[in-house]
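File shown: start-v7.txt (compact mmCIF, C-alpha atoms).
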# COMPACT_ATOMS: atom_id res chain seq x y z
CA MET V 1 -2.45 8.37 -15.32
CA LEU V 2 -5.61 6.46 -16.16
CA THR V 3 -3.59 3.50 -17.42
CA SER V 4 -1.70 3.49 -14.12
CA PHE V 5 -5.03 3.49 -12.30
CA ASN V 6 -6.38 0.64 -14.40
CA HIS V 7 -3.19 -1.35 -14.07
CA LEU V 8 -3.06 -0.97 -10.30
CA LEU V 9 -6.73 -1.92 -10.03
CA TYR V 10 -6.06 -5.03 -12.12
CA THR V 11 -2.95 -5.88 -10.09
CA GLU V 12 -4.72 -5.47 -6.77
CA LEU V 13 -7.60 -7.64 -7.93
CA LEU V 14 -5.13 -10.26 -9.15
CA LEU V 15 -3.39 -10.23 -5.77
CA LEU V 16 -6.71 -10.53 -3.96
CA VAL V 17 -7.78 -13.45 -6.15
CA ARG V 18 -4.47 -15.19 -5.39
CA ARG V 19 -4.76 -14.41 -1.67
CA SER V 20 -8.31 -15.63 -1.40
CA GLN V 21 -8.37 -15.83 2.41
CA ASP V 22 -8.54 -12.04 2.53
CA TRP V 23 -12.02 -11.97 1.07
CA LEU V 24 -13.33 -15.54 1.49
CA TYR V 25 -13.05 -15.61 5.28
CA PRO V 26 -15.02 -12.39 5.86
CA LEU V 27 -17.63 -13.63 3.39
CA GLY V 28 -17.89 -16.92 5.30
CA PHE V 29 -18.10 -14.96 8.55
CA PHE V 30 -20.99 -12.93 7.11
CA VAL V 31 -22.98 -16.06 6.21
CA VAL V 32 -22.26 -17.86 9.49
CA VAL V 33 -23.22 -14.87 11.66
CA LEU V 34 -26.52 -14.54 9.79
CA CYS V 35 -27.25 -18.22 10.31
CA VAL V 36 -26.64 -17.83 14.05
CA PHE V 37 -29.14 -14.99 14.53
CA PRO V 38 -32.28 -17.22 14.25
CA LEU V 39 -30.78 -19.53 16.88
CA ALA V 40 -30.26 -16.64 19.29
CA PHE V 41 -33.69 -15.07 18.67
CA THR V 42 -36.65 -17.18 17.72
CA PRO V 43 -37.15 -19.07 14.47
CA ASP V 44 -40.51 -17.33 14.01
CA PRO V 45 -40.64 -16.27 10.31
CA LEU V 46 -42.59 -13.08 10.98
CA PHE V 47 -40.14 -11.93 13.63
CA LEU V 48 -37.14 -12.77 11.43
CA GLU V 49 -38.67 -11.01 8.43
CA LYS V 50 -38.91 -7.88 10.53
CA TYR V 51 -35.50 -7.93 12.15
CA ILE V 52 -33.15 -9.72 9.73
CA PRO V 53 -32.38 -6.59 7.59
CA GLY V 54 -30.77 -5.03 10.68
CA CYS V 55 -28.84 -8.26 11.30
CA ILE V 56 -27.60 -8.29 7.69
CA TRP V 57 -26.28 -4.77 8.17
CA ILE V 58 -24.51 -5.63 11.41
CA ALA V 59 -22.98 -8.76 9.86
CA ALA V 60 -21.87 -6.77 6.80
CA LEU V 61 -20.31 -4.16 9.09
CA PHE V 62 -18.33 -6.75 11.06
CA ALA V 63 -17.28 -8.61 7.91
CA ASN V 64 -16.03 -5.30 6.52
CA VAL V 65 -14.02 -4.51 9.65
CA LEU V 66 -12.50 -8.02 9.48
CA ALA V 67 -11.59 -7.67 5.81
CA ILE V 68 -10.19 -4.15 6.00
CA GLU V 69 -7.69 -4.99 8.73
CA THR V 70 -5.16 -6.42 6.28
CA ILE V 71 -5.54 -3.81 3.50
CA PHE V 72 -2.13 -2.15 3.99
CA TYR V 73 -0.41 -4.91 5.92
CA THR V 74 1.41 -6.76 3.12
CA ASP V 75 2.16 -3.47 1.33
CA LEU V 76 3.89 -2.22 4.46
CA GLU V 77 5.81 -5.48 4.92
CA ASP V 78 7.18 -5.74 1.39
CA GLY V 79 7.92 -2.04 0.95
CA HIS V 80 5.33 -1.56 -1.81
CA LEU V 81 3.72 1.25 0.19
CA GLU V 82 6.95 3.28 0.06
CA GLN V 83 7.05 2.81 -3.69
CA LEU V 84 3.44 4.02 -3.96
CA LEU V 85 4.43 7.08 -1.94
CA LEU V 86 7.34 7.84 -4.25
CA SER V 87 5.43 7.19 -7.47
CA GLU V 88 4.88 9.93 -9.99
CA VAL V 89 1.17 9.18 -9.93
CA PRO V 90 -0.51 11.00 -7.00
CA LEU V 91 -0.91 8.73 -3.98
CA THR V 92 -4.60 9.63 -3.68
CA PHE V 93 -5.22 8.30 -7.17
CA LEU V 94 -3.34 5.06 -6.48
CA LEU V 95 -5.23 4.59 -3.22
CA LEU V 96 -8.52 5.06 -5.05
CA ALA V 97 -7.58 2.09 -7.27
CA LYS V 98 -6.56 0.04 -4.26
CA LEU V 99 -9.75 0.86 -2.37
CA ALA V 100 -11.86 0.08 -5.43
CA ALA V 101 -10.20 -3.33 -5.69
CA GLN V 102 -10.72 -3.93 -1.97
CA TRP V 103 -14.41 -3.06 -2.28
CA ILE V 104 -14.92 -5.24 -5.35
CA ALA V 105 -13.26 -8.21 -3.67
CA THR V 106 -14.75 -7.94 -0.18
CA SER V 107 -18.10 -6.17 -0.41
CA LEU V 108 -19.44 -7.00 -3.86
CA PRO V 109 -19.67 -10.78 -3.18
CA LEU V 110 -21.51 -9.96 0.02
CA ILE V 111 -24.06 -7.85 -1.84
CA ILE V 112 -24.50 -10.56 -4.45
CA LEU V 113 -25.10 -13.06 -1.67
CA THR V 114 -27.69 -10.88 0.09
CA PRO V 115 -30.68 -11.89 -2.09
CA LEU V 116 -29.84 -15.51 -1.30
CA ILE V 117 -29.81 -14.74 2.42
CA GLY V 118 -33.08 -12.86 1.96
CA LEU V 119 -34.60 -15.94 0.35
CA LEU V 120 -33.51 -17.95 3.38
CA PHE V 121 -35.43 -15.61 5.69
CA HIS V 122 -38.49 -15.12 3.42
CA LEU V 123 -37.78 -11.45 2.82
CA PRO V 124 -40.24 -9.89 0.33
CA GLY V 125 -38.84 -8.83 -3.03
CA ASN V 126 -39.00 -5.09 -2.45
CA VAL V 127 -37.15 -5.40 0.87
CA MET V 128 -34.44 -7.45 -0.82
CA VAL V 129 -34.03 -4.77 -3.49
CA ALA V 130 -33.88 -2.12 -0.75
CA MET V 131 -31.24 -4.12 1.13
CA CYS V 132 -29.10 -4.44 -2.00
CA VAL V 133 -29.42 -0.73 -2.81
CA GLY V 134 -28.54 0.14 0.78
CA LEU V 135 -25.50 -2.14 0.86
CA LEU V 136 -24.37 -0.96 -2.58
CA LEU V 137 -24.37 2.65 -1.35
CA GLY V 138 -23.21 1.94 2.18
CA THR V 139 -20.37 -0.60 1.92
CA PRO V 140 -18.01 1.72 -0.04
CA ILE V 141 -18.31 4.18 2.86
CA LEU V 142 -17.46 1.38 5.30
CA THR V 143 -14.39 0.47 3.23
CA LEU V 144 -13.24 4.09 3.06
CA ILE V 145 -13.70 4.85 6.76
CA GLY V 146 -12.18 1.50 7.65
CA SER V 147 -9.05 2.06 5.61
CA LEU V 148 -8.63 5.53 7.12
CA CYS V 149 -8.61 3.91 10.56
CA VAL V 150 -6.18 1.22 9.38
CA ALA V 151 -3.87 3.95 8.03
CA LEU V 152 -4.08 5.70 11.41
CA THR V 153 -3.14 2.59 13.36
CA LEU V 154 -0.51 1.37 10.88
CA GLY V 155 2.55 0.07 12.64
CA LEU V 156 0.78 -0.58 15.93
CA GLN V 157 0.74 -4.08 17.29
CA GLN V 158 -2.63 -5.72 17.90
CA GLN V 159 -4.56 -3.12 15.98
CA GLY V 160 -7.53 -5.50 15.57
CA VAL V 161 -9.58 -4.57 18.63
CA LEU V 162 -8.56 -0.93 18.46
CA LEU V 163 -9.78 -0.87 14.86
CA GLY V 164 -13.21 -2.04 15.94
CA LEU V 165 -13.32 0.70 18.58
CA LEU V 166 -12.31 3.32 16.03
CA ILE V 167 -14.43 2.23 13.08
CA LEU V 168 -17.75 1.27 14.66
CA PRO V 169 -18.66 4.68 16.15
CA LEU V 170 -17.71 6.41 12.89
CA VAL V 171 -20.00 4.32 10.71
CA THR V 172 -23.20 4.72 12.75
CA PRO V 173 -24.73 7.14 10.19
CA VAL V 174 -24.28 4.50 7.48
CA LEU V 175 -25.97 1.91 9.68
CA ILE V 176 -28.85 4.23 10.55
CA PHE V 177 -29.64 5.23 6.97
CA GLY V 178 -28.97 1.72 5.67
CA VAL V 179 -31.43 0.10 8.05
CA ASN V 180 -33.82 2.97 7.41
CA ILE V 181 -33.93 2.09 3.70
CA ALA V 182 -34.96 -1.46 4.56
CA GLN V 183 -37.57 -0.25 7.09
CA GLN V 184 -39.10 2.12 4.54
CA ALA V 185 -39.39 -0.78 2.10
CA GLN V 186 -40.99 -2.97 4.77
CA ALA V 187 -43.58 -0.28 5.45
CA HIS V 188 -44.13 0.00 1.65
CA PHE V 189 -42.89 3.60 1.56
CA SER V 190 -40.56 5.04 -1.03
CA ILE V 191 -36.89 4.31 -0.33
CA ILE V 192 -35.66 7.30 -2.33
CA GLY V 193 -35.29 9.66 0.64
CA ALA V 194 -33.12 7.41 2.76
CA SER V 195 -31.17 6.27 -0.31
CA ALA V 196 -30.45 9.88 -1.22
CA PHE V 197 -29.02 10.47 2.24
CA LEU V 198 -26.76 7.44 1.95
CA ALA V 199 -25.74 8.41 -1.60
CA GLY V 200 -24.86 11.86 -0.31
CA LEU V 201 -22.69 10.35 2.41
CA LEU V 202 -21.05 8.15 -0.23
CA VAL V 203 -20.21 11.10 -2.46
CA LEU V 204 -18.77 12.97 0.50
CA ALA V 205 -16.68 9.97 1.54
CA VAL V 206 -15.37 9.21 -1.96
CA THR V 207 -14.36 12.80 -2.61
CA LEU V 208 -12.71 13.55 0.72
CA LEU V 209 -11.49 10.36 2.35
CA PRO V 210 -8.88 9.23 -0.24
CA TRP V 211 -7.02 12.49 0.42
CA ALA V 212 -7.25 11.96 4.16
CA ILE V 213 -6.05 8.35 3.81
CA ALA V 214 -3.10 9.42 1.65
CA ALA V 215 -2.10 12.11 4.16
CA THR V 216 -2.44 9.67 7.06
CA LEU V 217 -0.31 7.07 5.30
CA ARG V 218 2.43 9.63 4.73
CA VAL V 219 2.38 10.50 8.42
CA SER V 220 2.34 6.84 9.45
CA LEU V 221 5.36 6.02 7.29
CA ASP V 222 7.30 9.07 8.48
CA ASP V 223 9.33 7.45 11.22
CA MET D 224 17.05 21.25 -13.96
CA THR D 225 20.34 21.46 -12.14
CA MET D 226 21.83 18.07 -11.54
CA ILE D 227 23.00 18.67 -8.01
CA PHE D 228 21.74 16.89 -4.95
CA GLU D 229 22.34 18.97 -1.89
CA ALA D 230 21.62 18.23 1.74
CA THR D 231 22.41 20.77 4.43
CA LYS D 232 22.63 20.27 8.18
CA LEU D 233 20.30 17.29 8.35
CA SER D 234 19.54 15.91 11.76
CA CYS D 235 17.34 13.08 12.89
CA ILE D 236 15.92 12.22 16.29
CA ARG D 237 14.39 8.86 17.10
CA GLN D 238 13.06 7.88 20.53
CA GLN D 239 14.58 10.96 22.18
CA ARG D 240 17.97 10.01 20.83
CA ILE D 241 19.96 11.98 18.31
CA LEU D 242 20.77 9.57 15.50
CA PHE D 243 22.83 12.09 13.57
CA SER D 244 23.09 15.85 13.30
CA ASP D 245 24.70 18.35 10.97
CA VAL D 246 24.94 15.96 8.04
CA SER D 247 25.71 18.02 4.96
CA PHE D 248 26.87 16.90 1.55
CA ARG D 249 26.69 17.83 -2.08
CA LEU D 250 26.49 15.37 -4.92
CA GLU D 251 27.14 16.28 -8.53
CA LYS D 252 26.82 14.51 -11.85
CA GLY D 253 28.58 11.16 -11.77
CA GLY D 254 29.06 11.26 -8.01
CA LEU D 255 28.58 8.39 -5.61
CA LEU D 256 27.96 8.82 -1.91
CA LEU D 257 28.68 5.80 0.23
CA VAL D 258 26.92 5.91 3.60
CA GLN D 259 28.65 3.82 6.22
CA GLY D 260 28.09 3.19 9.89
CA SER D 261 27.40 0.47 12.39
CA ASN D 262 23.98 -1.10 12.91
CA GLY D 263 21.54 1.42 14.33
CA SER D 264 23.65 4.40 13.36
CA GLY D 265 20.83 5.78 11.23
CA LYS D 266 21.83 4.78 7.70
CA SER D 267 18.33 3.68 6.71
CA SER D 268 16.77 6.68 8.44
CA LEU D 269 19.07 9.00 6.51
CA LEU D 270 18.18 7.37 3.18
CA ARG D 271 14.46 7.54 3.96
CA ILE D 272 14.90 11.23 4.72
CA LEU D 273 16.88 11.80 1.52
CA CYS D 274 14.18 10.27 -0.66
CA GLY D 275 11.42 12.19 1.07
CA ILE D 276 9.52 9.43 2.86
CA ALA D 277 10.57 10.68 6.27
CA THR D 278 11.05 14.28 7.37
CA PRO D 279 14.29 15.34 9.06
CA TYR D 280 14.21 16.98 12.49
CA SER D 281 16.01 19.90 10.91
CA GLY D 282 17.88 20.67 7.70
CA ASP D 283 17.09 20.99 4.01
CA ILE D 284 17.29 18.83 0.92
CA HIS D 285 17.34 20.20 -2.59
CA TRP D 286 16.09 17.67 -5.10
CA THR D 287 12.91 16.64 -6.92
CA PRO D 288 11.60 13.44 -5.35
CA GLN D 289 10.29 12.09 -8.67
CA HIS D 290 13.72 12.01 -10.25
CA MET D 291 15.02 9.05 -8.33
CA HIS D 292 14.71 5.40 -7.54
CA TYR D 293 14.61 4.25 -3.95
CA ILE D 294 15.09 0.66 -2.88
CA GLY D 295 14.93 0.11 0.86
CA HIS D 296 15.89 -2.95 2.82
CA THR D 297 12.45 -4.27 1.94
CA ASN D 298 12.51 -4.95 -1.75
CA GLY D 299 9.33 -3.17 -2.75
CA ILE D 300 8.17 -6.06 -4.91
CA LYS D 301 4.83 -7.80 -4.56
CA LEU D 302 5.39 -11.42 -3.56
CA GLY D 303 2.02 -12.49 -4.97
CA LEU D 304 2.94 -11.39 -8.50
CA THR D 305 5.19 -13.06 -11.03
CA VAL D 306 8.47 -11.51 -12.10
CA LEU D 307 6.95 -10.07 -15.29
CA GLU D 308 3.87 -8.76 -13.49
CA ASN D 309 6.14 -7.02 -11.00
CA MET D 310 7.98 -5.34 -13.88
CA ARG D 311 4.66 -4.16 -15.33
CA LEU D 312 3.69 -2.79 -11.92
CA PHE D 313 6.98 -0.83 -11.77
CA ALA D 314 6.19 0.55 -15.21
CA ALA D 315 2.66 1.59 -14.19
CA LEU D 316 3.92 3.38 -11.08
CA ILE D 317 6.62 5.18 -13.02
CA GLN D 318 4.24 5.81 -15.95
CA GLN D 319 6.58 4.53 -18.60
CA PRO D 320 6.16 1.82 -21.20
CA HIS D 321 7.89 -1.46 -20.47
CA ASP D 322 9.29 -2.49 -23.84
CA GLU D 323 12.77 -3.58 -22.93
CA THR D 324 11.95 -5.99 -20.18
CA MET D 325 13.69 -9.01 -21.69
CA PRO D 326 17.24 -7.61 -22.07
CA VAL D 327 17.17 -6.42 -18.45
CA LEU D 328 15.86 -9.75 -17.21
CA THR D 329 18.57 -11.50 -19.19
CA GLN D 330 21.21 -9.14 -17.84
CA LEU D 331 20.12 -9.90 -14.27
CA GLU D 332 19.74 -13.61 -15.14
CA LEU D 333 16.10 -13.65 -14.12
CA HIS D 334 14.72 -14.69 -17.52
CA PRO D 335 14.23 -18.38 -16.63
CA TYR D 336 11.93 -17.30 -13.77
CA GLN D 337 9.84 -14.66 -15.53
CA HIS D 338 6.56 -16.49 -14.94
CA ARG D 339 7.39 -17.57 -11.41
CA LEU D 340 5.70 -15.93 -8.43
CA ALA D 341 8.10 -13.63 -6.59
CA LYS D 342 7.46 -15.42 -3.30
CA HIS D 343 8.99 -18.56 -4.78
CA LEU D 344 12.23 -16.78 -5.66
CA SER D 345 15.28 -16.94 -3.42
CA ALA D 346 16.33 -13.90 -1.39
CA GLY D 347 19.03 -13.00 -3.90
CA GLN D 348 16.67 -13.35 -6.86
CA LYS D 349 14.13 -11.10 -5.12
CA ARG D 350 16.86 -8.52 -4.61
CA ARG D 351 17.81 -8.74 -8.29
CA LEU D 352 14.16 -8.28 -9.28
CA ALA D 353 14.01 -5.16 -7.09
CA LEU D 354 17.17 -3.85 -8.75
CA ALA D 355 15.69 -4.53 -12.20
CA LYS D 356 13.72 -1.29 -12.18
CA LEU D 357 16.95 0.69 -11.90
CA LEU D 358 18.00 -0.65 -15.28
CA LEU D 359 14.54 -0.59 -16.85
CA PHE D 360 13.66 3.00 -16.12
CA PRO D 361 16.59 5.41 -16.17
CA LYS D 362 16.46 8.09 -13.49
CA PRO D 363 19.27 10.47 -12.51
CA LEU D 364 19.49 9.45 -8.85
CA TRP D 365 19.53 6.02 -7.20
CA ILE D 366 19.11 5.78 -3.44
CA LEU D 367 19.86 2.23 -2.38
CA ASP D 368 19.82 0.76 1.10
CA GLU D 369 22.26 -2.15 1.31
CA PRO D 370 21.87 -3.19 -2.34
CA LEU D 371 24.45 -5.95 -2.04
CA THR D 372 22.65 -7.86 0.71
CA ALA D 373 21.72 -11.41 -0.27
CA LEU D 374 23.50 -11.11 -3.62
CA ASP D 375 26.16 -13.68 -4.49
CA ALA D 376 29.58 -12.61 -5.80
CA HIS D 377 28.48 -12.94 -9.43
CA SER D 378 25.32 -10.86 -8.99
CA GLN D 379 27.29 -8.29 -7.01
CA ARG D 380 29.59 -7.89 -10.01
CA ILE D 381 26.61 -7.49 -12.35
CA PHE D 382 25.12 -4.86 -10.06
CA LEU D 383 28.40 -2.97 -9.62
CA SER D 384 29.01 -2.79 -13.35
CA ALA D 385 25.45 -1.46 -13.80
CA LEU D 386 26.16 1.15 -11.12
CA GLU D 387 29.37 2.09 -12.89
CA THR D 388 27.58 2.57 -16.22
CA HIS D 389 24.91 4.65 -14.49
CA LEU D 390 27.53 6.97 -12.95
CA LYS D 391 29.48 7.21 -16.19
CA ASN D 392 26.31 8.33 -17.96
CA GLY D 393 26.05 11.24 -15.56
CA GLY D 394 23.83 9.64 -12.95
CA MET D 395 24.24 9.90 -9.21
CA ALA D 396 23.87 7.36 -6.46
CA ILE D 397 23.60 7.31 -2.69
CA VAL D 398 24.31 3.85 -1.40
CA SER D 399 24.57 2.45 2.09
CA SER D 400 26.66 -0.66 2.40
CA HIS D 401 28.61 -2.80 4.82
CA HIS D 402 30.57 -4.23 1.92
CA ALA D 403 33.53 -2.26 0.72
CA PHE D 404 33.57 -2.04 -3.07
CA THR D 405 35.68 -0.36 -5.67
CA LEU D 406 34.56 1.17 -8.93
CA ASN D 407 36.78 2.24 -11.75
CA ASP D 408 37.10 5.95 -12.45
CA VAL D 409 34.52 6.92 -9.87
CA LYS D 410 35.11 9.35 -7.10
CA ILE D 411 33.46 7.91 -4.02
CA GLN D 412 32.48 10.27 -1.22
CA THR D 413 32.13 8.53 2.10
CA LEU D 414 29.81 9.58 4.89
CA THR D 415 30.25 7.77 8.18
CA LEU D 416 27.40 7.91 10.65
CA GLY D 417 27.49 7.01 14.32
CA GLU D 418 30.17 9.41 15.40
CA TYR D 419 27.77 11.50 17.39
CA SER D 420 27.43 10.90 21.09
CA PRO D 421 23.86 10.47 22.42
CA CYS D 422 22.71 13.27 24.66

Show me the file's structure as structure tokens.
Amino acid sequence: MLTSFNHLLYTELLLLVRRSQDWLYPLGFFVVVLCVFPLAFTPDPLFLEKYIPGCIWIAALFANVLAIETIFYTDLEDGHLEQLLLSEVPLTFLLLAKLAAQWIATSLPLIILTPLIGLLFHLPGNVMVAMCVGLLLGTPILTLIGSLCVALTLGLQQQGVLLGLLILPLVTPVLIFGVNIAQQAQAHFSIIGASAFLAGLLVLAVTLLPWAIAATLRVSLDD
Amino acid sequence: MTMIFEATKLSCIRQQRILFSDVSFRLEKGGLLLVQGSNGSGKSSLLRILCGIATPYSGDIHWTPQHMHYIGHTNGIKLGLTVLENMRLFAALIQQPHDETMPVLTQLELHPYQHRLAKHLSAGQKRRLALAKLLLFPKPLWILDEPLTALDAHSQRIFLSALETHLKNGGMAIVSSHHAFTLNDVKIQTLTLGEYSPC
């Protein structure tokens, strides 16, 4: 079973590398949105230093919604999803591999890029570390909740806007605790409390949501 | 494990319309069920119900879902992977080693394309690649939705002889097809859908 997991993870990553638009466009979107914020506010460094962590979170959230939209699309089109359903390996396990690949391809580059963005906006070192910790704990939750919503709306036309409406209210706790981590760091407090909350949410999401996504997919394909 | 596939009084409703009702059949070792019917008569829906992806409106099916191969009208291959990588993916999903890839590829005449991406194959070659897993990983039941679509006469013969061998070895198959075909020494049961009036 573990070899199946590893092989599917490898295959999904290979597919994502070959279909680079799936992860490069959201990453580009993330960078461009962050570069637009100073134009809309004021280019005052002190102001930006204070508010840019929140902007990074919002941009990461939107980039994630953009990237997640296509997660099951090609699988549905080419019938691979049916084969996953019929596989001897439990669907939950296969989905875990798929979601892991999705997270590695779409969110990890974003987290790696965050220190660079922080440098651009003169963020202090401890805030940058806090941002990275927050995103590292928070983005898997975004991916999980996002793919649950995609599974729910599978087969609908124009699911894009509906997805935004479904996902954004559900991820508010992630946003609140994520920004809270950065704020604690800015005030030179310990970030452990807020991080623990986010880590708790992550554990809850990783243990429960793959089952929910698998069940939802079965329902969505039952037509 | 008893080698009998049994469906009793299956019915299916789509968009407030009865596609079929009271479909019952019994398939034993070496049996082939040919599902026929016009477009929209519910052939694909029936096959999806038989393999367990969809649930029937009423009726029962007695079979273990893991003991079968299903190939729908979509091929179930990843277009972004090469032929060989697709075979390895089949193997991972079925949890079996993939040692005898080459003979099967040669049999289906796909060996010159083994490193080519599936999206660059022709429709018939994609179909053959989808059918490859039937030969690679033996399972007692094949459920195939229009397996002959897009195949040329030569590939159809290759596929039919593989089907014949499978049935002779005690396998079973449920196949939907517009093409009439004959197999030697095989008793073909025919199920014709679309004879039910909409209510």

Counting all atoms listed in the file, collect the residues of chain D whose closest atom lies at most 6 Å from chain V, and write them out as a PDB file with C-alpha atoms, in the frame of the given file.
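Once everything was written out, this is part09.pdb:
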ATOM      1  CA  ALA D 277      10.570  10.680   6.270  1.00  0.00           C
ATOM      2  CA  GLN D 289      10.290  12.090  -8.670  1.00  0.00           C
ATOM      3  CA  THR D 297      12.450  -4.270   1.940  1.00  0.00           C
ATOM      4  CA  GLY D 299       9.330  -3.170  -2.750  1.00  0.00           C
ATOM      5  CA  GLY D 303       2.020 -12.490  -4.970  1.00  0.00           C
ATOM      6  CA  ALA D 315       2.660   1.590 -14.190  1.00  0.00           C
ATOM      7  CA  LEU D 316       3.920   3.380 -11.080  1.00  0.00           C
ATOM      8  CA  ILE D 317       6.620   5.180 -13.020  1.00  0.00           C
TER       9      ILE D 317
END

Residue contacts of V:Leu99 (9 Å, all atoms listed in the file) excluding same-chain residues fewer than 2 positions away, as a CSV table (one decimal) with C-alpha atoms, in the coordinates of the input:
chain,number,residue,atom,x,y,z
V,9,LEU,CA,-6.7,-1.9,-10.0
V,71,ILE,CA,-5.5,-3.8,3.5
V,94,LEU,CA,-3.3,5.1,-6.5
V,95,LEU,CA,-5.2,4.6,-3.2
V,96,LEU,CA,-8.5,5.1,-5.0
V,97,ALA,CA,-7.6,2.1,-7.3
V,101,ALA,CA,-10.2,-3.3,-5.7
V,102,GLN,CA,-10.7,-3.9,-2.0
V,103,TRP,CA,-14.4,-3.1,-2.3
V,104,ILE,CA,-14.9,-5.2,-5.4
V,140,PRO,CA,-18.0,1.7,0.0
V,143,THR,CA,-14.4,0.5,3.2
V,144,LEU,CA,-13.2,4.1,3.1
V,147,SER,CA,-9.0,2.1,5.6
V,210,PRO,CA,-8.9,9.2,-0.2

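Across the structure, atom CA of V:Trp23 and atom CA of V:Ile145 are spaced 17.8 Å apart.
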
Requested in this report: Would you mind listing what lies within 8 Å of D:Glu369 as a VMD selection string, with only C-alpha atoms counted and same-chain residues fewer than 5 positions away left out?
Outcome: chain D and resid 295 to 296 398 to 401

Report task. Find, counting only C-alpha atoms, the residue in V:Leu110, V:Ala100, V:Ala185, V:Leu162 that gets nearest to V:Gly125. Result ->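 For V:Gly125, the nearest of the given residues is V:Ala185.
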
Query raised in the report: Of the residues V:Ile167, V:Leu48, V:Val133, V:Leu123, which is the one nearest to V:Ile192, using all atoms listed in the file?
Result: V:Val133

**Report entry** V:Gly54 surroundings by only C-alpha atoms, 10 Å radius, close-in-sequence under 6 positions cut, as a PyMOL selection string
**Finding:** chain V and resi 60+131+175-176+178-180+182-183

Query raised in the report: Taking only C-alpha atoms into account, which of V:Ile58, V:Ala194, V:Ala151, V:Leu209 comes nearest V:Thr172?
Result: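 Looking only at the distances to V:Thr172, the closest residue turns out to be V:Ile58.
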
Requested in this report: Between atom CA of D:His321 and atom CA of D:Asn309, measure the distance and give it in Å to one decimal.
Outcome: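 We find that atom CA of D:His321 and atom CA of D:Asn309 lie 11.1 Å from each other.
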
Query raised in the report: Which neighbours of D:Ile366 fall inside 10 Å, counting all atoms listed in the file, when residues of the same chain fewer than 2 positions from it are skipped, and could you give them as JSON, numbers by chain?
Result: {"D": [256, 270, 271, 273, 274, 291, 292, 293, 294, 295, 364, 368, 369, 370, 395, 396, 397, 398, 399]}

Query raised in the report: Contacts of stretch 25-41 of chain V at 6 Å or less, counting only C-alpha atoms, minus same-chain residues fewer than 4 places along, as a list in words?
Result: Gln21, Ala59, Ala63 and Ala67 of chain V

Requested in this report: Could you tell me how far atom CA of V:Thr139 lies from atom CA of V:Ile181, in Å and to one decimal?
Outcome: 13.9 Å

Quick one: 4 Å padding each side, axis-aligned, all listed atoms of stretch 130-137 of chain V - centre and edge lengths in Å to one decimal, as AutoDock Vina command-line options?
--center_x -29.1 --center_y -0.9 --center_z -0.8 --size_x 17.5 --size_y 15.1 --size_z 11.9
